file model-v5.txt (compact mmCIF, N, CA and C atoms)
# COMPACT_ATOMS: atom_id res chain seq x y z
N MET N 1 -3.86 -22.92 -2.28
CA MET N 1 -4.02 -21.78 -1.40
C MET N 1 -3.04 -21.88 -0.23
N ALA N 2 -2.81 -23.11 0.27
CA ALA N 2 -1.89 -23.28 1.40
C ALA N 2 -0.50 -22.75 1.06
N GLU N 3 -0.02 -23.04 -0.16
CA GLU N 3 1.31 -22.54 -0.55
C GLU N 3 1.36 -21.03 -0.52
N GLU N 4 0.31 -20.40 -1.00
CA GLU N 4 0.25 -18.93 -1.01
C GLU N 4 0.27 -18.39 0.41
N LEU N 5 -0.51 -18.98 1.29
CA LEU N 5 -0.59 -18.48 2.67
C LEU N 5 0.69 -18.73 3.46
N LEU N 6 1.45 -19.75 3.06
CA LEU N 6 2.69 -20.06 3.78
C LEU N 6 3.93 -19.42 3.15
N ARG N 7 3.75 -18.69 2.07
CA ARG N 7 4.88 -18.01 1.43
C ARG N 7 5.46 -16.98 2.40
N PRO N 8 6.79 -16.95 2.55
CA PRO N 8 7.39 -15.98 3.48
C PRO N 8 7.07 -14.53 3.08
N THR N 9 6.98 -13.70 4.08
CA THR N 9 6.74 -12.28 3.86
C THR N 9 7.92 -11.66 3.14
N ARG N 10 7.64 -10.82 2.16
CA ARG N 10 8.71 -10.11 1.46
C ARG N 10 9.31 -9.09 2.42
N ILE N 11 10.62 -9.03 2.44
CA ILE N 11 11.34 -8.08 3.29
C ILE N 11 11.81 -6.93 2.40
N TYR N 12 11.47 -5.71 2.79
CA TYR N 12 11.75 -4.52 1.98
C TYR N 12 12.94 -3.71 2.49
N VAL N 13 13.62 -4.18 3.52
CA VAL N 13 14.65 -3.38 4.17
C VAL N 13 15.73 -2.92 3.21
N ARG N 14 16.36 -3.83 2.49
CA ARG N 14 17.48 -3.44 1.62
C ARG N 14 17.08 -2.45 0.54
N PRO N 15 16.01 -2.71 -0.23
CA PRO N 15 15.68 -1.73 -1.27
C PRO N 15 15.24 -0.37 -0.69
N VAL N 16 14.58 -0.38 0.46
CA VAL N 16 14.17 0.90 1.06
C VAL N 16 15.40 1.65 1.57
N LEU N 17 16.31 0.95 2.23
CA LEU N 17 17.52 1.63 2.72
C LEU N 17 18.33 2.23 1.58
N SER N 18 18.46 1.50 0.49
CA SER N 18 19.23 2.05 -0.64
C SER N 18 18.48 3.23 -1.28
N LEU N 19 17.16 3.18 -1.28
CA LEU N 19 16.38 4.30 -1.82
C LEU N 19 16.54 5.54 -0.94
N LEU N 20 16.59 5.35 0.37
CA LEU N 20 16.74 6.48 1.29
C LEU N 20 18.02 7.28 1.05
N LYS N 21 19.01 6.67 0.43
CA LYS N 21 20.25 7.38 0.12
C LYS N 21 20.07 8.35 -1.04
N ARG N 22 18.97 8.17 -1.82
CA ARG N 22 18.78 8.97 -3.03
C ARG N 22 17.51 9.82 -3.02
N VAL N 23 16.51 9.41 -2.25
CA VAL N 23 15.20 10.08 -2.28
C VAL N 23 14.72 10.32 -0.86
N ARG N 24 14.17 11.49 -0.63
CA ARG N 24 13.55 11.79 0.67
C ARG N 24 12.20 11.07 0.73
N ILE N 25 11.98 10.32 1.81
CA ILE N 25 10.72 9.60 2.00
C ILE N 25 10.07 10.16 3.26
N PRO N 26 9.06 11.03 3.11
CA PRO N 26 8.43 11.65 4.29
C PRO N 26 7.61 10.69 5.15
N GLY N 27 7.21 9.55 4.59
CA GLY N 27 6.43 8.61 5.38
C GLY N 27 6.44 7.23 4.76
N MET N 28 6.30 6.22 5.59
CA MET N 28 6.17 4.86 5.08
C MET N 28 5.37 4.05 6.09
N ALA N 29 4.72 3.01 5.57
CA ALA N 29 3.91 2.14 6.41
C ALA N 29 4.05 0.71 5.94
N HIS N 30 4.35 -0.17 6.89
CA HIS N 30 4.36 -1.61 6.62
C HIS N 30 2.91 -2.07 6.79
N ILE N 31 2.34 -2.64 5.75
CA ILE N 31 0.92 -3.00 5.78
C ILE N 31 0.79 -4.42 6.31
N THR N 32 0.38 -4.51 7.56
CA THR N 32 0.23 -5.79 8.25
C THR N 32 -1.23 -5.93 8.66
N GLY N 33 -1.49 -6.62 9.75
CA GLY N 33 -2.86 -6.73 10.25
C GLY N 33 -3.48 -5.34 10.40
N GLY N 34 -4.68 -5.17 9.96
CA GLY N 34 -5.32 -3.86 9.94
C GLY N 34 -5.32 -3.27 8.55
N GLY N 35 -4.60 -3.92 7.63
CA GLY N 35 -4.60 -3.48 6.23
C GLY N 35 -4.14 -2.05 6.05
N ILE N 36 -4.45 -1.50 4.90
CA ILE N 36 -4.05 -0.13 4.59
C ILE N 36 -4.73 0.87 5.54
N PRO N 37 -6.04 0.75 5.80
CA PRO N 37 -6.69 1.73 6.68
C PRO N 37 -6.15 1.72 8.11
N GLY N 38 -5.66 0.58 8.58
CA GLY N 38 -5.17 0.50 9.95
C GLY N 38 -3.72 0.89 10.12
N ASN N 39 -2.98 0.98 9.03
CA ASN N 39 -1.55 1.24 9.13
C ASN N 39 -1.11 2.56 8.50
N LEU N 40 -1.63 2.90 7.35
CA LEU N 40 -1.17 4.08 6.62
C LEU N 40 -1.44 5.40 7.36
N PRO N 41 -2.58 5.58 8.04
CA PRO N 41 -2.82 6.86 8.69
C PRO N 41 -1.77 7.27 9.72
N ARG N 42 -1.05 6.30 10.29
CA ARG N 42 -0.01 6.64 11.27
C ARG N 42 1.17 7.34 10.62
N SER N 43 1.25 7.30 9.28
CA SER N 43 2.35 7.93 8.55
C SER N 43 1.95 9.27 7.94
N ILE N 44 0.74 9.70 8.22
CA ILE N 44 0.21 10.92 7.60
C ILE N 44 -0.12 11.92 8.70
N PRO N 45 0.31 13.17 8.55
CA PRO N 45 -0.04 14.18 9.55
C PRO N 45 -1.55 14.43 9.60
N ASP N 46 -2.01 14.83 10.77
CA ASP N 46 -3.41 15.21 10.92
C ASP N 46 -3.77 16.29 9.90
N GLY N 47 -5.01 16.25 9.44
CA GLY N 47 -5.48 17.21 8.46
C GLY N 47 -5.24 16.78 7.02
N LEU N 48 -4.63 15.61 6.83
CA LEU N 48 -4.39 15.06 5.49
C LEU N 48 -5.03 13.69 5.41
N TYR N 49 -5.22 13.21 4.19
CA TYR N 49 -5.69 11.84 4.02
C TYR N 49 -5.05 11.23 2.78
N ALA N 50 -5.02 9.92 2.76
CA ALA N 50 -4.50 9.19 1.61
C ALA N 50 -5.69 8.78 0.75
N ALA N 51 -5.71 9.25 -0.49
CA ALA N 51 -6.71 8.83 -1.46
C ALA N 51 -6.11 7.63 -2.19
N VAL N 52 -6.61 6.44 -1.90
CA VAL N 52 -6.06 5.20 -2.43
C VAL N 52 -6.99 4.67 -3.51
N GLU N 53 -6.45 4.52 -4.71
CA GLU N 53 -7.21 3.99 -5.85
C GLU N 53 -7.18 2.47 -5.78
N ARG N 54 -8.29 1.87 -5.41
CA ARG N 54 -8.32 0.42 -5.14
C ARG N 54 -8.04 -0.43 -6.37
N ASP N 55 -8.17 0.11 -7.56
CA ASP N 55 -7.90 -0.66 -8.78
C ASP N 55 -6.52 -0.38 -9.36
N SER N 56 -5.62 0.20 -8.58
CA SER N 56 -4.31 0.58 -9.11
C SER N 56 -3.26 -0.53 -8.98
N TRP N 57 -3.62 -1.65 -8.41
CA TRP N 57 -2.72 -2.80 -8.33
C TRP N 57 -3.55 -4.08 -8.42
N PRO N 58 -2.92 -5.16 -8.85
CA PRO N 58 -3.64 -6.43 -8.92
C PRO N 58 -3.73 -7.07 -7.53
N VAL N 59 -4.93 -7.32 -7.07
CA VAL N 59 -5.11 -8.00 -5.79
C VAL N 59 -4.89 -9.49 -6.03
N PRO N 60 -3.97 -10.12 -5.30
CA PRO N 60 -3.72 -11.54 -5.50
C PRO N 60 -5.00 -12.38 -5.32
N PRO N 61 -5.16 -13.41 -6.14
CA PRO N 61 -6.38 -14.22 -6.10
C PRO N 61 -6.68 -14.84 -4.73
N VAL N 62 -5.67 -15.08 -3.91
CA VAL N 62 -5.91 -15.68 -2.60
C VAL N 62 -6.88 -14.84 -1.77
N PHE N 63 -6.86 -13.53 -1.95
CA PHE N 63 -7.77 -12.69 -1.16
C PHE N 63 -9.22 -12.84 -1.62
N GLY N 64 -9.43 -13.07 -2.90
CA GLY N 64 -10.78 -13.37 -3.39
C GLY N 64 -11.28 -14.69 -2.84
N THR N 65 -10.40 -15.65 -2.78
CA THR N 65 -10.76 -16.96 -2.21
C THR N 65 -11.12 -16.82 -0.74
N LEU N 66 -10.33 -16.08 0.01
CA LEU N 66 -10.62 -15.86 1.43
C LEU N 66 -11.93 -15.10 1.62
N ARG N 67 -12.15 -14.10 0.79
CA ARG N 67 -13.41 -13.33 0.88
C ARG N 67 -14.60 -14.24 0.63
N GLU N 68 -14.50 -15.04 -0.41
CA GLU N 68 -15.61 -15.92 -0.76
C GLU N 68 -15.85 -16.96 0.33
N ALA N 69 -14.78 -17.58 0.82
CA ALA N 69 -14.91 -18.62 1.84
C ALA N 69 -15.50 -18.08 3.13
N GLY N 70 -15.16 -16.83 3.45
CA GLY N 70 -15.64 -16.25 4.70
C GLY N 70 -16.85 -15.35 4.56
N GLY N 71 -17.36 -15.19 3.33
CA GLY N 71 -18.48 -14.27 3.11
C GLY N 71 -18.12 -12.86 3.53
N LEU N 72 -16.90 -12.46 3.25
CA LEU N 72 -16.35 -11.19 3.71
C LEU N 72 -16.58 -10.09 2.67
N PRO N 73 -17.22 -9.00 3.05
CA PRO N 73 -17.36 -7.87 2.12
C PRO N 73 -15.99 -7.27 1.78
N GLU N 74 -15.91 -6.66 0.61
CA GLU N 74 -14.64 -6.08 0.17
C GLU N 74 -14.07 -5.09 1.17
N ALA N 75 -14.90 -4.20 1.70
CA ALA N 75 -14.40 -3.19 2.64
C ALA N 75 -13.77 -3.85 3.86
N GLU N 76 -14.35 -4.93 4.34
CA GLU N 76 -13.78 -5.63 5.50
C GLU N 76 -12.47 -6.32 5.12
N ALA N 77 -12.39 -6.87 3.90
CA ALA N 77 -11.15 -7.49 3.45
C ALA N 77 -10.02 -6.46 3.42
N PHE N 78 -10.31 -5.24 2.97
CA PHE N 78 -9.28 -4.19 2.94
C PHE N 78 -8.88 -3.77 4.35
N ARG N 79 -9.78 -3.91 5.32
CA ARG N 79 -9.44 -3.59 6.71
C ARG N 79 -8.65 -4.72 7.38
N ALA N 80 -8.85 -5.96 6.93
CA ALA N 80 -8.22 -7.10 7.60
C ALA N 80 -6.90 -7.54 6.96
N PHE N 81 -6.80 -7.42 5.64
CA PHE N 81 -5.65 -7.97 4.91
C PHE N 81 -4.90 -6.86 4.18
N ASN N 82 -3.67 -7.16 3.75
CA ASN N 82 -2.92 -6.15 3.00
C ASN N 82 -3.34 -6.10 1.54
N MET N 83 -4.08 -7.07 1.06
CA MET N 83 -4.61 -7.12 -0.31
C MET N 83 -3.52 -7.01 -1.36
N GLY N 84 -2.31 -7.44 -1.02
CA GLY N 84 -1.21 -7.45 -1.97
C GLY N 84 -0.26 -6.27 -1.87
N ILE N 85 -0.53 -5.36 -0.96
CA ILE N 85 0.36 -4.21 -0.75
C ILE N 85 1.06 -4.41 0.59
N GLY N 86 2.36 -4.70 0.55
CA GLY N 86 3.08 -4.98 1.79
C GLY N 86 3.74 -3.77 2.42
N MET N 87 4.03 -2.76 1.60
CA MET N 87 4.71 -1.56 2.10
C MET N 87 4.23 -0.38 1.28
N VAL N 88 3.96 0.73 1.95
CA VAL N 88 3.58 1.97 1.28
C VAL N 88 4.62 3.02 1.61
N LEU N 89 5.14 3.65 0.58
CA LEU N 89 6.06 4.78 0.76
C LEU N 89 5.35 6.04 0.31
N ILE N 90 5.47 7.07 1.08
CA ILE N 90 4.92 8.38 0.72
C ILE N 90 6.09 9.21 0.23
N VAL N 91 6.03 9.60 -1.04
CA VAL N 91 7.11 10.37 -1.64
C VAL N 91 6.53 11.57 -2.37
N ARG N 92 7.39 12.52 -2.65
CA ARG N 92 6.95 13.68 -3.44
C ARG N 92 6.58 13.22 -4.84
N PRO N 93 5.57 13.82 -5.45
CA PRO N 93 5.19 13.43 -6.81
C PRO N 93 6.36 13.47 -7.78
N SER N 94 7.25 14.43 -7.60
CA SER N 94 8.40 14.54 -8.52
C SER N 94 9.38 13.37 -8.38
N ASP N 95 9.33 12.65 -7.27
CA ASP N 95 10.22 11.49 -7.06
C ASP N 95 9.56 10.17 -7.45
N GLY N 96 8.27 10.20 -7.77
CA GLY N 96 7.53 8.97 -8.03
C GLY N 96 8.14 8.08 -9.08
N GLY N 97 8.53 8.63 -10.21
CA GLY N 97 9.11 7.82 -11.29
C GLY N 97 10.40 7.15 -10.87
N ALA N 98 11.27 7.88 -10.18
CA ALA N 98 12.54 7.32 -9.71
C ALA N 98 12.30 6.20 -8.70
N VAL N 99 11.31 6.36 -7.85
CA VAL N 99 10.99 5.34 -6.85
C VAL N 99 10.49 4.08 -7.54
N LEU N 100 9.59 4.24 -8.51
CA LEU N 100 9.08 3.07 -9.24
C LEU N 100 10.21 2.33 -9.95
N ARG N 101 11.09 3.07 -10.62
CA ARG N 101 12.22 2.44 -11.32
C ARG N 101 13.15 1.72 -10.34
N HIS N 102 13.38 2.32 -9.19
CA HIS N 102 14.26 1.72 -8.18
C HIS N 102 13.74 0.33 -7.77
N PHE N 103 12.45 0.24 -7.50
CA PHE N 103 11.90 -1.05 -7.07
C PHE N 103 11.82 -2.04 -8.21
N GLN N 104 11.57 -1.57 -9.40
CA GLN N 104 11.58 -2.47 -10.56
C GLN N 104 12.95 -3.10 -10.72
N ARG N 105 14.00 -2.29 -10.60
CA ARG N 105 15.37 -2.82 -10.70
C ARG N 105 15.68 -3.81 -9.58
N ALA N 106 15.02 -3.65 -8.44
CA ALA N 106 15.23 -4.56 -7.30
C ALA N 106 14.38 -5.82 -7.41
N GLY N 107 13.60 -5.93 -8.49
CA GLY N 107 12.77 -7.12 -8.68
C GLY N 107 11.47 -7.10 -7.91
N ILE N 108 11.03 -5.92 -7.50
CA ILE N 108 9.78 -5.76 -6.76
C ILE N 108 8.82 -4.98 -7.65
N ALA N 109 7.60 -5.50 -7.79
CA ALA N 109 6.59 -4.82 -8.60
C ALA N 109 6.00 -3.65 -7.81
N PRO N 110 6.34 -2.41 -8.20
CA PRO N 110 5.80 -1.25 -7.49
C PRO N 110 4.53 -0.74 -8.16
N TYR N 111 3.70 -0.08 -7.38
CA TYR N 111 2.47 0.52 -7.90
C TYR N 111 2.29 1.89 -7.28
N ARG N 112 1.86 2.83 -8.09
CA ARG N 112 1.44 4.13 -7.58
C ARG N 112 -0.02 3.96 -7.21
N ILE N 113 -0.32 3.93 -5.90
CA ILE N 113 -1.67 3.56 -5.48
C ILE N 113 -2.54 4.74 -5.06
N GLY N 114 -1.99 5.93 -5.07
CA GLY N 114 -2.82 7.07 -4.68
C GLY N 114 -1.99 8.30 -4.42
N GLU N 115 -2.59 9.19 -3.65
CA GLU N 115 -1.92 10.44 -3.32
C GLU N 115 -2.39 10.95 -1.97
N ILE N 116 -1.59 11.83 -1.39
CA ILE N 116 -1.94 12.47 -0.13
C ILE N 116 -2.64 13.78 -0.47
N ARG N 117 -3.78 14.01 0.19
CA ARG N 117 -4.58 15.21 -0.08
C ARG N 117 -4.91 15.92 1.24
N LYS N 118 -5.23 17.19 1.10
CA LYS N 118 -5.68 17.95 2.27
C LYS N 118 -7.09 17.52 2.61
N GLY N 119 -7.32 17.35 3.90
CA GLY N 119 -8.64 16.99 4.38
C GLY N 119 -9.10 18.03 5.39
N ARG N 120 -10.13 17.68 6.10
CA ARG N 120 -10.57 18.56 7.18
C ARG N 120 -9.61 18.40 8.36
N SER N 121 -9.60 19.36 9.23
CA SER N 121 -8.73 19.23 10.39
C SER N 121 -9.18 18.01 11.20
N GLY N 122 -8.24 17.37 11.81
CA GLY N 122 -8.55 16.17 12.57
C GLY N 122 -7.60 15.06 12.21
N ARG N 123 -7.98 13.86 12.54
CA ARG N 123 -7.11 12.70 12.34
C ARG N 123 -6.88 12.40 10.88
N ALA N 124 -5.68 11.91 10.61
CA ALA N 124 -5.36 11.45 9.25
C ALA N 124 -6.25 10.25 8.93
N ASP N 125 -6.47 10.03 7.64
CA ASP N 125 -7.43 9.01 7.23
C ASP N 125 -7.01 8.42 5.89
N VAL N 126 -7.67 7.32 5.52
CA VAL N 126 -7.52 6.70 4.20
C VAL N 126 -8.90 6.66 3.59
N ARG N 127 -8.99 7.07 2.33
CA ARG N 127 -10.26 6.99 1.59
C ARG N 127 -9.99 6.25 0.31
N PHE N 128 -10.76 5.20 0.08
CA PHE N 128 -10.59 4.42 -1.14
C PHE N 128 -11.44 5.02 -2.24
N THR N 129 -10.88 5.05 -3.44
CA THR N 129 -11.62 5.51 -4.62
C THR N 129 -11.63 4.38 -5.63
N GLY N 130 -12.46 4.49 -6.62
CA GLY N 130 -12.57 3.44 -7.63
C GLY N 130 -13.77 2.57 -7.37
N ARG N 131 -13.98 1.65 -8.28
CA ARG N 131 -15.19 0.81 -8.19
C ARG N 131 -15.04 -0.26 -7.12
N THR N 132 -16.16 -0.67 -6.59
CA THR N 132 -16.22 -1.75 -5.63
C THR N 132 -16.46 -3.05 -6.40
N ARG N 133 -15.74 -4.07 -6.03
CA ARG N 133 -15.91 -5.38 -6.69
C ARG N 133 -16.91 -6.20 -5.93
call {"tool": "encode", "arguments": {"input": "model-v5.txt", "output": "structure tokens"}}
result
Amino acid sequence: MAEELLRPTRIYVRPVLSLLKRVRIPGMAHITGGGIPGNLPRSIPDGLYAAVERDSWPVPPVFGTLREAGGLPEAEAFRAFNMGIGMVLIVRPSDGGAVLRHFQRAGIAPYRIGEIRKGRSGRADVRFTGRTR
């Protein structure tokens, strides 16, 4: 577990900059402390929300170990940790395939984790869908 926790953070600058030359990216969020719910809403206009499918990517085992060791509920783990998602790009659905291929070619495993939907007026939000573990 120590090796996993001490692994350097992946830097996304080069692949994102090269993607920006080919695809319009209306929003992006670096998922750090605060997890997806604490970071992604800042990239979404008010009145919209991100519907995130929690089973759309493999959560690294280290997060299960941390949850178990700390008696941490899943919802709290998603608020505290990135759960394996270091960067979220918001792109048009028509660009999704090109974006996935771009990151695959760069040696980064990309995942389509959800979509932006219309919500009630007010602050942008994240709503997780899928089963709870």
call {"tool": "closest_atom_pairs", "arguments": {"input": "model-v5.txt", "of": "segment 9-45 of chain N", "to": "segment 88-95 of chain N", "cutoff": "6 Å", "atoms": "only C-alpha atoms", "output": "CSV"}}
result
residue,atom,partner,partner_atom,distance
N:Ile25,CA,N:Val91,CA,5.2
N:Pro26,CA,N:Ile90,CA,6.0
N:Gly27,CA,N:Ile90,CA,4.9
N:Met28,CA,N:Leu89,CA,4.3
N:Ala29,CA,N:Val88,CA,5.1
call {"tool": "closest_residue", "arguments": {"input": "model-v5.txt", "among": "N:Leu100, N:Arg112, N:Arg127, N:Leu66", "to": "Pro37 of chain N", "atoms": "only N, CA and C atoms"}}
result
N:Arg127
call {"tool": "atom_distance", "arguments": {"input": "model-v5.txt", "atom1": "atom C of Val52 of chain N", "atom2": "atom C of Arg117 of chain N"}}
result
12.4 Å
call {"tool": "closest_residue", "arguments": {"input": "model-v5.txt", "among": "N:Arg67, N:Arg123, N:His102, N:Arg14", "to": "Ala80 of chain N", "atoms": "only C-alpha atoms"}}
result
N:Arg67
call {"tool": "axis_aligned_box", "arguments": {"input": "model-v5.txt", "around": "segment 28-31 of chain N", "padding_each_side": "3 Å", "output": "JSON"}}
result
{"center_x": 3.5, "center_y": 0.9, "center_z": 6.0, "size_x": 11.5, "size_y": 16.6, "size_z": 7.8}
call {"tool": "closest_residue", "arguments": {"input": "model-v5.txt", "among": "N:Pro73, N:Val62, N:Thr129, N:Gly86", "to": "Arg10 of chain N", "atoms": "all atoms listed in the file"}}
result
N:Gly86
call {"tool": "select_by_dssp", "arguments": {"input": "model-v5.txt", "residues": "segment 11-109 of chain N", "states": "strand (DSSP E)", "output": "PDB file with N, CA and C atoms, in the coordinates of the input"}}
result
ATOM      1  N   GLY N  27       7.210   9.550   4.590  1.00  0.00           N
ATOM      2  CA  GLY N  27       6.430   8.610   5.380  1.00  0.00           C
ATOM      3  C   GLY N  27       6.440   7.230   4.760  1.00  0.00           C
ATOM      4  N   MET N  28       6.300   6.220   5.590  1.00  0.00           N
ATOM      5  CA  MET N  28       6.170   4.860   5.080  1.00  0.00           C
ATOM      6  C   MET N  28       5.370   4.050   6.090  1.00  0.00           C
ATOM      7  N   ALA N  29       4.720   3.010   5.570  1.00  0.00           N
ATOM      8  CA  ALA N  29       3.910   2.140   6.410  1.00  0.00           C
ATOM      9  C   ALA N  29       4.050   0.710   5.940  1.00  0.00           C
ATOM     10  N   HIS N  30       4.350  -0.170   6.890  1.00  0.00           N
ATOM     11  CA  HIS N  30       4.360  -1.610   6.620  1.00  0.00           C
ATOM     12  C   HIS N  30       2.910  -2.070   6.790  1.00  0.00           C
ATOM     13  N   LEU N  48      -4.630  15.610   6.830  1.00  0.00           N
ATOM     14  CA  LEU N  48      -4.390  15.060   5.490  1.00  0.00           C
ATOM     15  C   LEU N  48      -5.030  13.690   5.410  1.00  0.00           C
ATOM     16  N   TYR N  49      -5.220  13.210   4.190  1.00  0.00           N
ATOM     17  CA  TYR N  49      -5.690  11.840   4.020  1.00  0.00           C
ATOM     18  C   TYR N  49      -5.050  11.230   2.780  1.00  0.00           C
ATOM     19  N   ALA N  50      -5.020   9.920   2.760  1.00  0.00           N
ATOM     20  CA  ALA N  50      -4.500   9.190   1.610  1.00  0.00           C
ATOM     21  C   ALA N  50      -5.690   8.780   0.750  1.00  0.00           C
ATOM     22  N   ALA N  51      -5.710   9.250  -0.490  1.00  0.00           N
ATOM     23  CA  ALA N  51      -6.710   8.830  -1.460  1.00  0.00           C
ATOM     24  C   ALA N  51      -6.110   7.630  -2.190  1.00  0.00           C
ATOM     25  N   VAL N  52      -6.610   6.440  -1.900  1.00  0.00           N
ATOM     26  CA  VAL N  52      -6.060   5.200  -2.430  1.00  0.00           C
ATOM     27  C   VAL N  52      -6.990   4.670  -3.510  1.00  0.00           C
ATOM     28  N   GLU N  53      -6.450   4.520  -4.710  1.00  0.00           N
ATOM     29  CA  GLU N  53      -7.210   3.990  -5.850  1.00  0.00           C
ATOM     30  C   GLU N  53      -7.180   2.470  -5.780  1.00  0.00           C
ATOM     31  N   MET N  87       4.030  -2.760   1.600  1.00  0.00           N
ATOM     32  CA  MET N  87       4.710  -1.560   2.100  1.00  0.00           C
ATOM     33  C   MET N  87       4.230  -0.380   1.280  1.00  0.00           C
ATOM     34  N   VAL N  88       3.960   0.730   1.950  1.00  0.00           N
ATOM     35  CA  VAL N  88       3.580   1.970   1.280  1.00  0.00           C
ATOM     36  C   VAL N  88       4.620   3.020   1.610  1.00  0.00           C
ATOM     37  N   LEU N  89       5.140   3.650   0.580  1.00  0.00           N
ATOM     38  CA  LEU N  89       6.060   4.780   0.760  1.00  0.00           C
ATOM     39  C   LEU N  89       5.350   6.040   0.310  1.00  0.00           C
ATOM     40  N   ILE N  90       5.470   7.070   1.080  1.00  0.00           N
ATOM     41  CA  ILE N  90       4.920   8.380   0.720  1.00  0.00           C
ATOM     42  C   ILE N  90       6.090   9.210   0.230  1.00  0.00           C
TER      43      ILE N  90
END
call {"tool": "closest_residue", "arguments": {"input": "model-v5.txt", "among": "N:Pro15, N:Gly119, N:Pro41, N:Pro60", "to": "Asn82 of chain N", "atoms": "all atoms listed in the file"}}
result
N:Pro60
call {"tool": "atom_distance", "arguments": {"input": "model-v5.txt", "atom1": "atom CA of Glu68 of chain N", "atom2": "atom CA of Met83 of chain N"}}
result
14.1 Å
call {"tool": "closest_residue", "arguments": {"input": "model-v5.txt", "among": "N:Arg79, N:Leu20, N:Gly122, N:Val13", "to": "Gly38 of chain N", "atoms": "all atoms listed in the file"}}
result
N:Arg79
call {"tool": "atom_distance", "arguments": {"input": "model-v5.txt", "atom1": "atom CA of His30 of chain N", "atom2": "atom CA of Pro8 of chain N"}}
result
15.0 Å
call {"tool": "residues_around", "arguments": {"input": "model-v5.txt", "residues": "Pro58 of chain N", "least_positions_apart": "3", "cutoff": "8 Å", "atoms": "all atoms listed in the file", "output": "PyMOL selection string"}}
result
chain N and resi 54-55+61+83-85+111
call {"tool": "select_by_dssp", "arguments": {"input": "model-v5.txt", "residues": "chain N", "states": "helix (DSSP H, G or I)", "output": "PyMOL selection string"}}
result
chain N and resi 2-6+13-20+35-43+61-70+74-80+93-105
call {"tool": "closest_residue", "arguments": {"input": "model-v5.txt", "among": "N:Gly47, N:Gly64, N:Gly71, N:Gly34", "to": "Ser121 of chain N", "atoms": "only N, CA and C atoms"}}
result
N:Gly47
